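Structure file start35.tsv (TSV, C-alpha atoms) follows.
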```tsv
chain	number	residue	atom	x	y	z
A	1	MET	CA	59.02	-42.11	-166.16
A	2	ASN	CA	62.72	-42.90	-166.34
A	3	ARG	CA	65.37	-44.13	-163.92
A	4	ILE	CA	65.85	-40.74	-162.27
A	5	THR	CA	62.16	-40.00	-161.73
A	6	GLU	CA	61.67	-43.51	-160.37
A	7	LEU	CA	64.74	-43.37	-158.12
A	8	PHE	CA	63.76	-40.11	-156.46
A	9	GLY	CA	59.97	-40.28	-156.83
A	10	ILE	CA	59.74	-37.02	-158.80
A	11	ARG	CA	57.72	-35.94	-161.82
A	12	TYR	CA	60.50	-34.44	-163.96
A	13	PRO	CA	64.14	-35.65	-164.21
A	14	ILE	CA	65.40	-32.25	-163.08
A	15	ILE	CA	67.50	-31.76	-159.97
A	16	GLN	CA	68.23	-28.33	-158.54
A	17	GLY	CA	71.91	-27.95	-157.71
A	18	GLY	CA	72.70	-27.83	-153.99
A	19	MET	CA	74.57	-24.56	-154.29
A	20	VAL	CA	76.33	-23.01	-151.32
A	21	TRP	CA	74.77	-19.69	-150.24
A	22	CYS	CA	71.92	-20.07	-152.77
A	23	SER	CA	70.09	-23.31	-152.01
A	24	GLY	CA	68.03	-22.75	-148.91
A	25	TRP	CA	64.62	-24.11	-148.01
A	26	ARG	CA	62.69	-21.55	-150.07
A	27	LEU	CA	64.36	-22.53	-153.35
A	28	ALA	CA	64.53	-26.26	-152.64
A	29	SER	CA	60.87	-26.50	-151.63
A	30	ALA	CA	59.76	-24.48	-154.68
A	31	VAL	CA	61.62	-26.86	-157.02
A	32	SER	CA	60.24	-29.93	-155.26
A	33	ASN	CA	56.71	-28.54	-155.31
A	34	GLY	CA	57.16	-27.90	-159.05
A	35	GLY	CA	57.94	-31.56	-159.74
A	36	GLY	CA	61.74	-31.58	-159.67
A	37	LEU	CA	64.11	-32.50	-156.85
A	38	GLY	CA	65.07	-29.60	-154.61
A	39	LEU	CA	68.36	-29.81	-152.72
A	40	LEU	CA	69.50	-27.88	-149.67
A	41	GLY	CA	73.11	-26.72	-150.03
A	42	ALA	CA	74.66	-27.84	-146.73
A	43	GLY	CA	78.15	-26.67	-147.68
A	44	SER	CA	77.49	-23.10	-146.54
A	45	MET	CA	75.40	-23.97	-143.47
A	46	HIS	CA	76.44	-24.42	-139.86
A	47	PRO	CA	74.89	-27.58	-138.40
A	48	GLU	CA	72.25	-25.56	-136.54
A	49	THR	CA	71.38	-23.69	-139.73
A	50	LEU	CA	70.96	-26.94	-141.64
A	51	GLN	CA	68.71	-28.26	-138.87
A	52	GLU	CA	66.52	-25.17	-139.24
A	53	HIS	CA	66.32	-25.52	-143.02
A	54	ILE	CA	65.41	-29.21	-142.72
A	55	GLY	CA	62.55	-28.30	-140.39
A	56	ARG	CA	61.30	-25.61	-142.76
A	57	MET	CA	61.49	-28.01	-145.73
A	58	LYS	CA	59.27	-30.48	-143.94
A	59	THR	CA	56.67	-27.75	-143.50
A	60	ALA	CA	57.01	-26.24	-147.00
A	61	THR	CA	56.68	-29.42	-149.10
A	62	ASP	CA	55.43	-32.98	-148.97
A	63	LYS	CA	57.35	-33.83	-152.16
A	64	PRO	CA	60.75	-35.55	-152.32
A	65	TRP	CA	63.79	-33.39	-151.56
A	66	GLY	CA	67.37	-33.87	-150.47
A	67	ILE	CA	70.61	-32.34	-149.25
A	68	ASN	CA	73.92	-31.75	-151.03
A	69	VAL	CA	76.86	-32.44	-148.71
A	70	PRO	CA	80.47	-31.63	-149.64
A	71	LEU	CA	82.45	-34.39	-147.93
A	72	MET	CA	85.27	-31.98	-147.04
A	73	TYR	CA	82.85	-30.17	-144.69
A	74	PRO	CA	84.74	-29.48	-141.41
A	75	GLU	CA	82.07	-31.01	-139.13
A	76	ILE	CA	81.03	-33.79	-141.50
A	77	GLU	CA	80.25	-36.39	-138.80
A	78	ARG	CA	77.94	-33.98	-136.99
A	79	LEU	CA	76.26	-33.02	-140.24
A	80	MET	CA	75.64	-36.64	-141.21
A	81	LYS	CA	74.17	-37.36	-137.79
A	82	ILE	CA	71.73	-34.47	-138.19
A	83	ILE	CA	70.74	-35.70	-141.65
A	84	ILE	CA	70.15	-39.27	-140.46
A	85	ASP	CA	68.39	-38.29	-137.25
A	86	SER	CA	66.12	-35.90	-139.18
A	87	GLY	CA	64.89	-38.64	-141.50
A	88	VAL	CA	66.24	-37.09	-144.71
A	89	LYS	CA	65.67	-39.52	-147.60
A	90	ILE	CA	68.05	-38.27	-150.34
A	91	VAL	CA	71.68	-37.12	-150.10
A	92	PHE	CA	73.97	-35.90	-152.89
A	93	THR	CA	77.61	-36.08	-151.84
A	94	SER	CA	80.50	-34.29	-153.52
A	95	ALA	CA	84.12	-33.20	-153.08
A	96	GLY	CA	85.50	-36.43	-151.65
A	97	SER	CA	85.23	-40.20	-151.73
A	98	PRO	CA	81.74	-41.69	-151.24
A	99	LYS	CA	83.14	-44.91	-149.74
A	100	ARG	CA	83.09	-43.75	-146.15
A	101	PHE	CA	79.54	-42.49	-145.78
A	102	THR	CA	77.51	-44.35	-148.42
A	103	PRO	CA	77.09	-47.51	-146.29
A	104	LEU	CA	76.08	-45.42	-143.28
A	105	LEU	CA	73.52	-43.49	-145.30
A	106	HIS	CA	72.17	-46.68	-146.88
A	107	GLU	CA	71.72	-48.21	-143.43
A	108	ALA	CA	69.45	-45.25	-142.64
A	109	GLY	CA	67.41	-45.85	-145.81
A	110	ILE	CA	68.87	-42.87	-147.64
A	111	THR	CA	69.31	-42.78	-151.43
A	112	VAL	CA	72.82	-41.57	-152.34
A	113	ALA	CA	74.06	-39.81	-155.46
A	114	HIS	CA	77.66	-38.64	-155.87
A	115	VAL	CA	79.11	-35.91	-158.08
A	116	VAL	CA	82.02	-36.91	-160.35
A	117	SER	CA	84.26	-35.15	-162.84
A	118	SER	CA	85.59	-38.19	-164.70
A	119	SER	CA	84.76	-41.72	-165.78
A	120	VAL	CA	87.39	-43.05	-163.36
A	121	PHE	CA	85.56	-41.52	-160.41
A	122	ALA	CA	82.25	-42.82	-161.78
A	123	ARG	CA	83.57	-46.38	-161.65
A	124	LYS	CA	84.77	-45.83	-158.09
A	125	CYS	CA	81.28	-44.60	-157.18
A	126	GLU	CA	79.74	-47.78	-158.53
A	127	GLU	CA	82.22	-49.80	-156.46
A	128	ALA	CA	81.26	-47.73	-153.41
A	129	GLY	CA	77.60	-48.64	-153.93
A	130	VAL	CA	76.05	-45.24	-154.65
A	131	ASP	CA	72.61	-45.20	-156.29
A	132	ALA	CA	73.34	-42.60	-159.00
A	133	VAL	CA	76.13	-40.37	-160.29
A	134	VAL	CA	76.18	-36.75	-161.37
A	135	ALA	CA	78.60	-36.15	-164.26
A	136	GLU	CA	79.58	-32.53	-163.72
A	137	GLY	CA	81.39	-30.83	-166.58
A	138	PHE	CA	83.79	-27.92	-166.35
A	139	GLU	CA	81.03	-25.41	-167.14
A	140	ALA	CA	79.49	-26.00	-163.71
A	141	GLY	CA	79.90	-23.23	-161.17
A	142	GLY	CA	80.85	-25.71	-158.46
A	143	HIS	CA	82.87	-28.24	-160.43
A	144	ASN	CA	84.97	-30.51	-158.27
A	145	GLY	CA	87.64	-31.84	-160.59
A	146	ARG	CA	90.86	-30.48	-161.99
A	147	GLU	CA	89.99	-31.89	-165.40
A	148	GLU	CA	88.69	-29.34	-167.87
A	149	THR	CA	86.26	-31.80	-169.47
A	150	THR	CA	83.14	-30.18	-170.87
A	151	THR	CA	79.73	-31.57	-169.94
A	152	LEU	CA	78.84	-32.84	-173.41
A	153	THR	CA	82.19	-34.63	-173.61
A	154	LEU	CA	81.95	-36.04	-170.10
A	155	ILE	CA	78.43	-37.52	-170.32
A	156	PRO	CA	79.19	-40.27	-172.88
A	157	GLN	CA	82.47	-41.10	-171.11
A	158	VAL	CA	80.66	-41.64	-167.82
A	159	ARG	CA	77.79	-43.45	-169.51
A	160	LYS	CA	80.28	-45.91	-170.97
A	161	ALA	CA	82.02	-46.37	-167.62
A	162	THR	CA	79.01	-47.14	-165.43
A	163	SER	CA	75.51	-48.57	-165.59
A	164	LEU	CA	74.30	-46.37	-162.72
A	165	PRO	CA	71.53	-43.80	-163.28
A	166	LEU	CA	73.31	-40.76	-164.69
A	167	ILE	CA	72.57	-37.09	-164.08
A	168	ALA	CA	74.34	-34.49	-166.23
A	169	ALA	CA	75.40	-31.14	-164.78
A	170	GLY	CA	77.25	-28.06	-165.98
A	171	GLY	CA	76.04	-25.43	-168.41
A	172	ILE	CA	72.55	-26.89	-168.82
A	173	GLY	CA	70.19	-23.94	-169.08
A	174	SER	CA	67.46	-24.84	-171.56
A	175	GLY	CA	65.21	-27.63	-172.73
A	176	ARG	CA	67.44	-28.12	-175.77
A	177	ALA	CA	70.50	-28.54	-173.56
A	178	MET	CA	68.56	-31.05	-171.46
A	179	LEU	CA	67.61	-32.98	-174.61
A	180	ALA	CA	71.26	-32.97	-175.76
A	181	ALA	CA	72.37	-34.38	-172.40
A	182	GLN	CA	69.78	-37.13	-172.61
A	183	ALA	CA	70.76	-37.94	-176.20
A	184	LEU	CA	74.33	-38.48	-174.98
A	185	GLY	CA	73.23	-40.93	-172.29
A	186	ALA	CA	72.07	-38.92	-169.27
A	187	ASP	CA	68.88	-39.98	-167.50
A	188	GLY	CA	68.33	-36.52	-166.03
A	189	VAL	CA	69.95	-33.15	-165.44
A	190	GLN	CA	71.09	-31.01	-162.55
A	191	ILE	CA	70.70	-27.27	-162.99
A	192	GLY	CA	72.29	-24.56	-160.89
A	193	THR	CA	72.55	-21.08	-162.41
A	194	LEU	CA	68.95	-20.82	-163.62
A	195	PHE	CA	67.71	-21.69	-160.15
A	196	ALA	CA	70.26	-19.40	-158.50
A	197	LEU	CA	68.64	-16.53	-160.39
A	198	ALA	CA	65.16	-17.41	-159.11
A	199	ALA	CA	63.41	-15.17	-156.62
A	200	GLU	CA	63.37	-18.02	-154.07
A	201	SER	CA	67.16	-18.33	-154.11
A	202	SER	CA	68.67	-17.04	-150.85
```

Turn the structure described in the file into structure tokens.
Amino acid sequence: MNRITELFGIRYPIIQGGMVWCSGWRLASAVSNGGGLGLLGAGSMHPETLQEHIGRMKTATDKPWGINVPLMYPEIERLMKIIIDSGVKIVFTSAGSPKRFTPLLHEAGITVAHVVSSSVFARKCEEAGVDAVVAEGFEAGGHNGREETTTLTLIPQVRKATSLPLIAAGGIGSGRAMLAAQALGADGVQIGTLFALAAESS
């Protein structure tokens, strides 16, 4: 057990990236059923599509799972309403400031993690009240920052900047890479490409 497994109620401190076009209910439920945290990638879903995937997730797994929401999504208010009304328990936000929606999600009993590309943004996340941060290095397929900071450089910077539970992301594709991330201060990892290559990815 560590802070990430305790926070999300999962067996392994491994989060599947909420990748657009790849992270549907089949992949997310398979990861959750395997002991990690599966995430639906809402960024490529119309609201009605997300609603369908939420329903299928509830049937496919009784394990914890969540949704990744890019905050620049065109119909963000409608998306958040669907998430709250559907009883989703975990939301990873990205591509924007977490200040606006974190209080609303917390009011609904939702655990919030936010993706950052720098230690400055990590500190802002702590001020915004998020429950965890994802330090996403430049190797990540969906990196959100203009900084070209590599994952192994970014992790200790973010660890120094915040006391929040820390998830490392970007270029992590093996147990050794996961161990390296943890040695540098991460409590868990988020993995995208390996899961995108899985048969359940759609």

request  = For Tyr12 in chain A, work out the shell of residues within 8 Å, counting all atoms listed in the file and skipping chain neighbours fewer than 6 positions away, then give it as a list in words.
outcome  =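 The filter keeps Thr5, Gly35 and Gly36 of chain A.
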
task = For Gly38 in chain A, list every protein, DNA or RNA residue within 7 Å, evaluated using all atoms listed in the file, and leave out those in the same chain fewer than 2 positions away; present the list as a ChimeraX atom specification.
result = /A:15-16,28-29,31-32,36,40,65-66

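For the set A:Gly170, A:Pro103, A:Gly175, A:Gly18, the residue with the smallest atom-to-atom gap to Val69 in chain A is A:Gly18, counting all atoms listed in the file.
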
query = How would you write as a list in words the residues that get within 12 Å of (80.5, -48.1, -154.2) in the file's frame, counting all atoms listed in the file?
reply =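 Counting all atoms listed in the file, I find these residues within 12 Å of (80.5, -48.1, -154.2): Ser97, Pro98, Lys99, Arg100, Phe101, Thr102, Pro103, His106, Val112, Ala113, His114, Phe121, Ala122, Arg123, Lys124, Cys125, Glu126, Glu127, Ala128, Gly129, Val130, Asp131, Ala132, Val133, Thr162 and Leu164 of chain A.
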
Keeping only C-alpha atoms, write the selected residues to a file as a PDB file, in the coordinates of the input.
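Saved result, part14.pdb, follows:
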```pdb
ATOM      1  CA  SER A  97      85.230 -40.200-151.730  1.00  0.00           C
ATOM      2  CA  PRO A  98      81.740 -41.690-151.240  1.00  0.00           C
ATOM      3  CA  LYS A  99      83.140 -44.910-149.740  1.00  0.00           C
ATOM      4  CA  ARG A 100      83.090 -43.750-146.150  1.00  0.00           C
ATOM      5  CA  PHE A 101      79.540 -42.490-145.780  1.00  0.00           C
ATOM      6  CA  THR A 102      77.510 -44.350-148.420  1.00  0.00           C
ATOM      7  CA  PRO A 103      77.090 -47.510-146.290  1.00  0.00           C
ATOM      8  CA  HIS A 106      72.170 -46.680-146.880  1.00  0.00           C
ATOM      9  CA  VAL A 112      72.820 -41.570-152.340  1.00  0.00           C
ATOM     10  CA  ALA A 113      74.060 -39.810-155.460  1.00  0.00           C
ATOM     11  CA  HIS A 114      77.660 -38.640-155.870  1.00  0.00           C
ATOM     12  CA  PHE A 121      85.560 -41.520-160.410  1.00  0.00           C
ATOM     13  CA  ALA A 122      82.250 -42.820-161.780  1.00  0.00           C
ATOM     14  CA  ARG A 123      83.570 -46.380-161.650  1.00  0.00           C
ATOM     15  CA  LYS A 124      84.770 -45.830-158.090  1.00  0.00           C
ATOM     16  CA  CYS A 125      81.280 -44.600-157.180  1.00  0.00           C
ATOM     17  CA  GLU A 126      79.740 -47.780-158.530  1.00  0.00           C
ATOM     18  CA  GLU A 127      82.220 -49.800-156.460  1.00  0.00           C
ATOM     19  CA  ALA A 128      81.260 -47.730-153.410  1.00  0.00           C
ATOM     20  CA  GLY A 129      77.600 -48.640-153.930  1.00  0.00           C
ATOM     21  CA  VAL A 130      76.050 -45.240-154.650  1.00  0.00           C
ATOM     22  CA  ASP A 131      72.610 -45.200-156.290  1.00  0.00           C
ATOM     23  CA  ALA A 132      73.340 -42.600-159.000  1.00  0.00           C
ATOM     24  CA  VAL A 133      76.130 -40.370-160.290  1.00  0.00           C
ATOM     25  CA  THR A 162      79.010 -47.140-165.430  1.00  0.00           C
ATOM     26  CA  LEU A 164      74.300 -46.370-162.720  1.00  0.00           C
TER      27      LEU A 164
END
```

Test item: residues at most 9 Å from Val116 in chain A, only C-alpha atoms, excluding those fewer than 4 positions along its chain, as a compact mmCIF listing (two decimals) with C-alpha atoms, in the frame of the given file:
```
# COMPACT_ATOMS: atom_id res chain seq x y z
CA SER A 94 80.50 -34.29 -153.52
CA ALA A 95 84.12 -33.20 -153.08
CA VAL A 120 87.39 -43.05 -163.36
CA PHE A 121 85.56 -41.52 -160.41
CA ALA A 122 82.25 -42.82 -161.78
CA CYS A 125 81.28 -44.60 -157.18
CA VAL A 133 76.13 -40.37 -160.29
CA VAL A 134 76.18 -36.75 -161.37
CA ALA A 135 78.60 -36.15 -164.26
CA GLU A 136 79.58 -32.53 -163.72
CA GLY A 137 81.39 -30.83 -166.58
CA HIS A 143 82.87 -28.24 -160.43
CA ASN A 144 84.97 -30.51 -158.27
CA GLY A 145 87.64 -31.84 -160.59
CA VAL A 158 80.66 -41.64 -167.82
```

key: Selected residue of minimal separation from Phe92 in chain A among A:Leu79, A:Leu39, A:Leu104, A:Ser118, counting only C-alpha atoms   = A:Leu39

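If all atoms listed in the file are the atoms counted, then among A:Leu152, A:Ile83, A:Val189, A:Met57 the closest residue to Ile167 in chain A is A:Val189.
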
message = Please report the interatomic distance between CA of Thr61 in chain A and CA of Glu48 in chain A in Å with one decimal.
response = 20.4 Å

note = For Gln157 in chain A, the closest of A:Leu184, A:Ala60, A:Ile54, A:Met80 counting all atoms listed in the file is A:Leu184

note = Atom pair CA of Leu154 in chain A + CA of Leu179 in chain A, distance 15.3 Å

message = Please report the interatomic distance between CA of Asn33 in chain A and CA of Ser117 in chain A in Å with one decimal.
response =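 Interatomic distance, CA of Asn33 in chain A to CA of Ser117 in chain A: 29.3 Å.
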
For Thr153 in chain A, the nearest of the candidates A:Ile82, A:Val91, A:Ala168, A:Leu197, counting only C-alpha atoms =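 So, comparing all the options, the nearest one is A:Ala168.
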
query = Nearest to Ser44 in chain A among A:Ala183, A:Arg56, A:Asp62, A:Tyr73, with distances taken over all atoms listed in the file: which residue is it?
reply = A:Tyr73

Need the axis-aligned box for range 169-179 of chain A with 8 Å each side, so what are the centre and edges in Å to one decimal, as JSON?
```
{"center_x": 71.2, "center_y": -28.5, "center_z": -170.3, "size_x": 28.0, "size_y": 25.0, "size_z": 27.0}
```

task = Find the residues around Gly17 in chain A up to 6 Å (only C-alpha atoms counted), leave out those fewer than 6 positions away in its own chain, and share them as a list in words.
result =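 My list of contacting residues is Gln190, Ile191 and Gly192 of chain A.
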